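Undergrad: Below is the file work09.cif, which contains mmCIF, C-alpha atoms.
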```cif
data_input
#
loop_
_atom_site.label_atom_id
_atom_site.label_comp_id
_atom_site.auth_asym_id
_atom_site.auth_seq_id
_atom_site.Cartn_x
_atom_site.Cartn_y
_atom_site.Cartn_z
CA MET Y 30 -113.75 122.74 42.45
CA THR Y 31 -116.47 120.72 44.08
CA ASP Y 32 -116.70 120.57 47.84
CA LYS Y 33 -115.60 116.95 47.61
CA VAL Y 34 -112.06 118.34 47.83
CA PHE Y 35 -112.63 118.91 51.55
CA THR Y 36 -113.72 115.37 52.40
CA GLU Y 37 -111.03 113.80 50.22
CA ASN Y 38 -108.44 115.73 52.20
CA GLY Y 39 -109.90 114.90 55.61
CA LYS Y 40 -111.29 118.39 56.17
CA GLU Y 41 -114.70 119.69 57.18
CA LYS Y 42 -116.68 121.18 54.29
CA GLY Y 43 -116.10 124.92 54.23
CA ASP Y 44 -112.75 124.77 56.08
CA ALA Y 45 -111.48 128.31 55.38
CA VAL Y 46 -107.86 127.53 56.28
CA PHE Y 47 -107.77 124.61 53.83
CA LYS Y 48 -109.37 126.75 51.10
CA THR Y 49 -106.68 129.39 51.65
CA GLU Y 50 -104.02 126.66 51.34
CA LEU Y 51 -105.57 125.50 48.06
CA GLU Y 52 -105.59 129.04 46.71
CA SER Y 53 -101.97 129.53 47.75
CA GLU Y 54 -100.86 126.28 46.10
CA LEU Y 55 -102.79 126.97 42.91
CA GLY Y 56 -101.96 130.66 42.78
CA HIS Y 57 -105.59 131.57 42.06
CA PRO Y 58 -108.86 132.05 43.91
CA VAL Y 59 -110.87 128.84 44.19
CA ILE Y 60 -114.64 128.72 43.77
CA ILE Y 61 -116.21 125.80 45.61
CA ILE Y 62 -119.44 124.35 44.22
CA PRO Y 63 -121.57 121.69 45.93
CA TRP Y 64 -121.47 118.05 44.96
CA THR Y 65 -123.64 115.19 46.19
CA MET Y 66 -123.27 111.56 45.22
CA HIS Y 67 -126.64 110.27 44.08
CA GLY Y 68 -127.11 106.53 44.17
CA ASP Y 69 -125.01 103.62 45.30
CA PHE Y 70 -121.22 104.06 45.12
CA ASN Y 71 -120.86 100.74 43.29
CA ALA Y 72 -123.65 101.39 40.78
CA ARG Y 73 -122.45 101.90 37.22
CA ASP Y 74 -124.48 105.08 36.66
CA THR Y 75 -123.46 106.84 39.90
CA ASP Y 76 -121.17 109.87 39.68
CA LYS Y 77 -118.69 108.98 42.37
CA TYR Y 78 -115.96 111.31 41.13
CA GLY Y 79 -117.43 114.75 41.79
CA HIS Y 80 -115.23 116.61 39.32
CA SER Y 81 -116.29 120.13 38.45
CA ASP Y 82 -115.75 119.42 34.72
CA GLY Y 83 -118.86 117.26 34.98
CA PHE Y 84 -120.91 120.36 35.83
CA VAL Y 85 -119.40 123.56 34.46
CA LYS Y 86 -117.07 125.04 31.84
CA TRP Y 87 -115.68 128.54 31.65
CA CYS Y 88 -116.49 130.12 28.27
CA GLY Y 89 -114.33 133.22 28.58
CA GLY Y 90 -114.98 136.53 30.25
CA ASN Y 91 -117.65 136.14 32.90
CA ARG Y 92 -119.55 133.35 31.10
CA ILE Y 93 -120.07 129.80 32.37
CA LEU Y 94 -121.76 126.92 30.54
CA MET Y 95 -123.35 124.49 32.98
CA GLY Y 96 -124.40 120.96 32.13
CA ASN Y 97 -127.91 119.62 32.51
CA HIS Y 98 -127.67 118.93 36.24
CA GLY Y 99 -130.85 120.97 36.69
CA ASP Y 100 -132.88 118.46 34.70
CA GLU Y 101 -132.47 115.88 37.45
CA TYR Y 102 -131.40 117.89 40.50
CA PRO Y 103 -132.88 121.39 40.16
CA GLU Y 104 -132.11 122.46 43.74
CA GLU Y 105 -128.44 121.51 43.42
CA ALA Y 106 -128.18 123.21 40.04
CA ALA Y 107 -129.75 126.34 41.51
CA ALA Y 108 -127.20 126.29 44.35
CA ILE Y 109 -124.34 125.98 41.86
CA ARG Y 110 -125.81 128.80 39.78
CA ARG Y 111 -126.19 131.07 42.85
CA ILE Y 112 -122.58 130.52 43.87
CA LEU Y 113 -121.24 131.24 40.39
CA GLU Y 114 -123.48 134.27 39.94
CA GLY Y 115 -122.28 135.49 43.34
CA TYR Y 116 -118.80 135.63 41.82
CA GLY Y 117 -120.14 137.68 38.90
CA PHE Y 118 -120.55 134.90 36.34
CA GLU Y 119 -123.37 134.69 33.81
CA VAL Y 120 -124.51 131.04 33.78
CA THR Y 121 -126.20 129.27 30.88
CA GLU Y 122 -127.59 125.84 31.72
CA MET Y 123 -127.82 123.10 29.11
CA ARG Y 124 -131.36 121.81 29.61
CA PHE Y 125 -133.04 119.02 27.69
CA ALA Y 126 -135.98 117.69 29.76
CA ASP Y 127 -138.44 120.20 28.31
CA LYS Y 128 -137.02 120.04 24.77
CA VAL Y 129 -137.09 116.35 23.84
CA SER Y 130 -139.70 113.63 24.12
CA SER Y 131 -137.53 111.12 26.04
CA PRO Y 132 -134.48 112.72 27.65
CA ARG Y 133 -131.45 110.42 27.94
CA THR Y 134 -130.08 111.55 31.29
CA ASP Y 135 -127.82 108.50 31.28
CA LEU Y 136 -125.90 110.19 28.41
CA ASN Y 137 -126.84 113.85 28.00
CA TRP Y 138 -125.00 114.85 31.20
CA ALA Y 139 -121.74 114.24 29.29
CA TYR Y 140 -122.04 117.03 26.72
CA ILE Y 141 -120.38 119.40 29.20
CA ASN Y 142 -117.41 117.03 29.38
CA PHE Y 143 -115.98 118.19 26.05
CA LEU Y 144 -112.40 118.86 25.01
CA GLN Y 145 -111.22 122.33 24.05
CA VAL Y 146 -107.80 123.10 22.64
CA GLY Y 147 -107.44 126.70 21.54
CA ASN Y 148 -110.39 127.52 19.30
CA LYS Y 149 -111.17 123.86 18.56
CA ILE Y 150 -113.81 121.98 20.51
CA ILE Y 151 -114.52 118.28 20.28
CA MET Y 152 -117.82 117.47 21.88
CA PRO Y 153 -119.45 114.11 22.47
CA ILE Y 154 -122.53 112.97 20.59
CA PHE Y 155 -124.67 109.92 21.25
CA ASN Y 156 -127.03 109.71 18.26
CA ILE Y 157 -129.92 110.91 20.41
CA GLU Y 158 -132.37 113.83 20.17
CA GLU Y 159 -130.25 115.98 22.47
CA ASP Y 160 -127.22 116.05 20.12
CA ALA Y 161 -128.47 118.98 18.02
CA ILE Y 162 -129.61 120.94 21.08
CA ALA Y 163 -126.25 120.42 22.78
CA TRP Y 164 -124.43 121.58 19.64
CA GLN Y 165 -126.50 124.78 19.66
CA TYR Y 166 -125.67 125.45 23.32
CA MET Y 167 -122.00 124.90 22.55
CA HIS Y 168 -122.08 127.12 19.47
CA GLU Y 169 -123.71 129.97 21.42
CA ALA Y 170 -121.29 129.61 24.34
CA PHE Y 171 -118.20 129.43 22.12
CA PRO Y 172 -119.08 131.39 18.95
CA ASP Y 173 -115.45 131.76 17.84
CA CYS Y 174 -114.67 128.05 18.07
CA GLU Y 175 -114.79 125.26 15.51
CA ILE Y 176 -116.95 122.52 16.95
CA HIS Y 177 -116.40 118.91 15.97
CA GLN Y 178 -118.38 115.95 17.23
CA ILE Y 179 -117.36 112.42 18.04
CA GLU Y 180 -119.54 109.49 19.08
CA MET Y 181 -118.86 108.75 22.76
CA THR Y 182 -121.63 106.48 24.04
CA GLU Y 183 -119.35 103.68 25.18
CA VAL Y 184 -117.05 106.04 27.09
CA ALA Y 185 -119.93 108.02 28.67
CA GLU Y 186 -121.52 104.81 29.88
CA GLU Y 187 -118.33 104.24 31.89
CA GLY Y 188 -118.73 107.61 33.61
CA GLY Y 189 -116.64 110.07 31.62
CA ALA Y 190 -116.23 111.74 28.26
CA LEU Y 191 -113.63 113.69 26.32
CA HIS Y 192 -112.32 115.95 29.07
CA CYS Y 193 -112.00 113.01 31.43
CA ILE Y 194 -109.95 110.92 29.00
CA SER Y 195 -107.59 113.69 27.86
CA TRP Y 196 -105.32 116.38 29.19
CA ASN Y 197 -105.10 120.01 28.17
CA ILE Y 198 -101.55 121.27 28.27
CA ARG Y 199 -100.84 124.95 27.77
CA ARG Y 200 -97.41 126.08 26.66
#
```
Let me see the structure of the file written as C-alpha cells.
TA:
Amino acid sequence: MTDKVFTENGKEKGDAVFKTELESELGHPVIIIPWTMHGDFNARDTDKYGHSDGFVKWCGGNRILMGNHGDEYPEEAAAIRRILEGYGFEVTEMRFADKVSSPRTDLNWAYINFLQVGNKIIMPIFNIEEDAIAWQYMHEAFPDCEIHQIEMTEVAEEGGALHCISWNIRR
C-alpha cells in the first residue's frame, strides 16, 4: 500500500498501531511505500489516487515489476526500491527515458496498470515507441504468461488503465 492510507484514515504517516490494525484486518503483512502527489489536485494529469497498482506489481516469488516512476521522480523510485528490497524483493524498473527519443510520460506510466487473470495478461498499449519496450519488460517479468495488448490511450488519459477499471476475483 502507499502511505496515503494513513492520511486517508486520519492517522500520522508511520502510525505503527494503525499498520498493525491493517495487517490484522487483511490477515497479511503490509508493506508501505511512499506516495507524493505531484501537481495540482484538479489538474487532469495529476495522480491524486496514490494506489500502489500505479507503481508496482508482484511477479511471483520475490520479484517485483515497478513502473517507470524513476523516469520522472528518481528519488521517490529509489525510496520505493529500497523499501521493497529491504523486504527481500528483487525489483525491475520499467524505464523508457533513455530508450526512446521522446518519452510519453503522460501515457507510459500506465503499462504497470495491466490486468492479470491466471496466466493471461492484458496490457495497455498506446501506439507509441514505448509499447515494444514495455512488452519486453512484461514478457521477462512473466515468462509463463500469455500477453495480449489492448489500446488504452483514452482511458489512461483519464488517470487509470486496465487494473483500475477491472476487478480480479479469485475463487
Undergrad: For Y:Gly83, find every residue with an atom within 10 Å (counting only C-alpha atoms), except residues of its own chain fewer than 3 positions away, and show them as a VMD selection string.
TA: chain Y and resid 76 78 to 80 86 95 to 98 138 to 143 188 to 190 192 to 193
Undergrad: Hey, can you check how far atom CA of Y:Glu183 sits from atom CA of Y:Ala163?
TA: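 That distance, rounded to one decimal, is 18.3 Å.
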Undergrad: Hey, what comes out of the PyMOL selection byres ((chain Y and resi 121) around 7) on this file? Could you write it as a ChimeraX atom specification?
TA: /Y:93-95,119-120,122-123
Undergrad: Quick one: residues within 12 Å of Y:Cys174, all atoms listed in the file counted, chain neighbours fewer than 4 positions away excluded, as an NGL selection string?
TA: :Y and (88-89 or 144-152 or 164 or 167-170)
Undergrad: Between atom CA of Y:Thr31 and atom CA of Y:Ile157, what is the distance, to one decimal in Å?
TA: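 Atom CA of Y:Thr31 sits 28.9 Å away from atom CA of Y:Ile157.
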Undergrad: Have a look at Y:Pro103, Y:Asn91, Y:Ala161, Y:Met30 and name the one nearest to Y:Glu52; count all atoms listed in the file.
TA: Y:Met30
Undergrad: Please identify all polymer residues lying at most 10 Å from the point (-132.4, 112.0, 18.0) (file coordinates), using only C-alpha atoms, and present the result as a tab-separated table (two decimals) with C-alpha atoms, keeping the file's coordinate frame.
TA:
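Full text of selection00.tsv as output:
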```
chain	number	residue	atom	x	y	z
Y	129	VAL	CA	-137.09	116.35	23.84
Y	130	SER	CA	-139.70	113.63	24.12
Y	131	SER	CA	-137.53	111.12	26.04
Y	132	PRO	CA	-134.48	112.72	27.65
Y	155	PHE	CA	-124.67	109.92	21.25
Y	156	ASN	CA	-127.03	109.71	18.26
Y	157	ILE	CA	-129.92	110.91	20.41
Y	158	GLU	CA	-132.37	113.83	20.17
Y	159	GLU	CA	-130.25	115.98	22.47
Y	160	ASP	CA	-127.22	116.05	20.12
Y	161	ALA	CA	-128.47	118.98	18.02
Y	162	ILE	CA	-129.61	120.94	21.08
```
Undergrad: Identify, on the basis of only C-alpha atoms, every residue whose closest approach to Y:Ala108 does not exceed 12 Å; exclude the query and any residue fewer than 2 positions from it along the same chain; express the result as a CSV table (one decimal) with C-alpha atoms, in the coordinates of the input.
TA:
```csv
chain,number,residue,atom,x,y,z
Y,61,ILE,CA,-116.2,125.8,45.6
Y,62,ILE,CA,-119.4,124.4,44.2
Y,63,PRO,CA,-121.6,121.7,45.9
Y,64,TRP,CA,-121.5,118.0,45.0
Y,65,THR,CA,-123.6,115.2,46.2
Y,98,HIS,CA,-127.7,118.9,36.2
Y,99,GLY,CA,-130.8,121.0,36.7
Y,102,TYR,CA,-131.4,117.9,40.5
Y,103,PRO,CA,-132.9,121.4,40.2
Y,104,GLU,CA,-132.1,122.5,43.7
Y,105,GLU,CA,-128.4,121.5,43.4
Y,106,ALA,CA,-128.2,123.2,40.0
Y,110,ARG,CA,-125.8,128.8,39.8
Y,111,ARG,CA,-126.2,131.1,42.8
Y,112,ILE,CA,-122.6,130.5,43.9
Y,113,LEU,CA,-121.2,131.2,40.4
Y,114,GLU,CA,-123.5,134.3,39.9
Y,115,GLY,CA,-122.3,135.5,43.3
Y,120,VAL,CA,-124.5,131.0,33.8
```
Undergrad: Give me the residues within 6 Å of Y:Pro153 as a PDB file with C-alpha atoms, in the frame of the given file, counting all atoms listed in the file and dropping any in the same chain fewer than 4 places off.
TA:
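Just written: result29.pdb:
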```pdb
ATOM      1  CA  TYR Y 140    -122.040 117.030  26.720  1.00  0.00           C
ATOM      2  CA  GLN Y 178    -118.380 115.950  17.230  1.00  0.00           C
ATOM      3  CA  ILE Y 179    -117.360 112.420  18.040  1.00  0.00           C
ATOM      4  CA  GLU Y 180    -119.540 109.490  19.080  1.00  0.00           C
ATOM      5  CA  MET Y 181    -118.860 108.750  22.760  1.00  0.00           C
TER       6      MET Y 181
END
```
Undergrad: Please return the centre and edge lengths, in Å to one decimal, of a box with edges along x, y and z that contains all listed atoms of stretch 160-163 of chain Y, widened by 3 Å on every side, as AutoDock Vina command-line options.
TA:
```
--center_x -127.9 --center_y 118.5 --center_z 20.4 --size_x 9.4 --size_y 10.9 --size_z 10.8
```
Undergrad: In Å, rounded to a single decimal, give me how far atom CA of Y:Gly90 is from atom CA of Y:Tyr116.
TA: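 Going from atom CA of Y:Tyr116 over to atom CA of Y:Gly90, I get 12.2 Å.
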Undergrad: Under the rule that only C-alpha atoms are counted, which of Y:Asn38, Y:Ile154, Y:Leu136, Y:Ile194 is the nearest residue to Y:Ile176?
TA: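 Using only C-alpha atoms, the shortest distance to Y:Ile176 belongs to Y:Ile154.
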Undergrad: From the options Y:Asp173, Y:Asp127, Y:Asp44, Y:Asp82, which residue's atoms come nearest to Y:Asp100, counting all atoms listed in the file?
TA: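 Counting all atoms listed in the file, the residue closest to Y:Asp100 is Y:Asp127.
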Undergrad: When you count all atoms listed in the file, which of these residues is closest to Y:Arg133: Y:Ser195, Y:Thr36, Y:Thr49, Y:Thr182?
TA: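 Ranked by minimum distance to Y:Arg133, first place goes to Y:Thr182.
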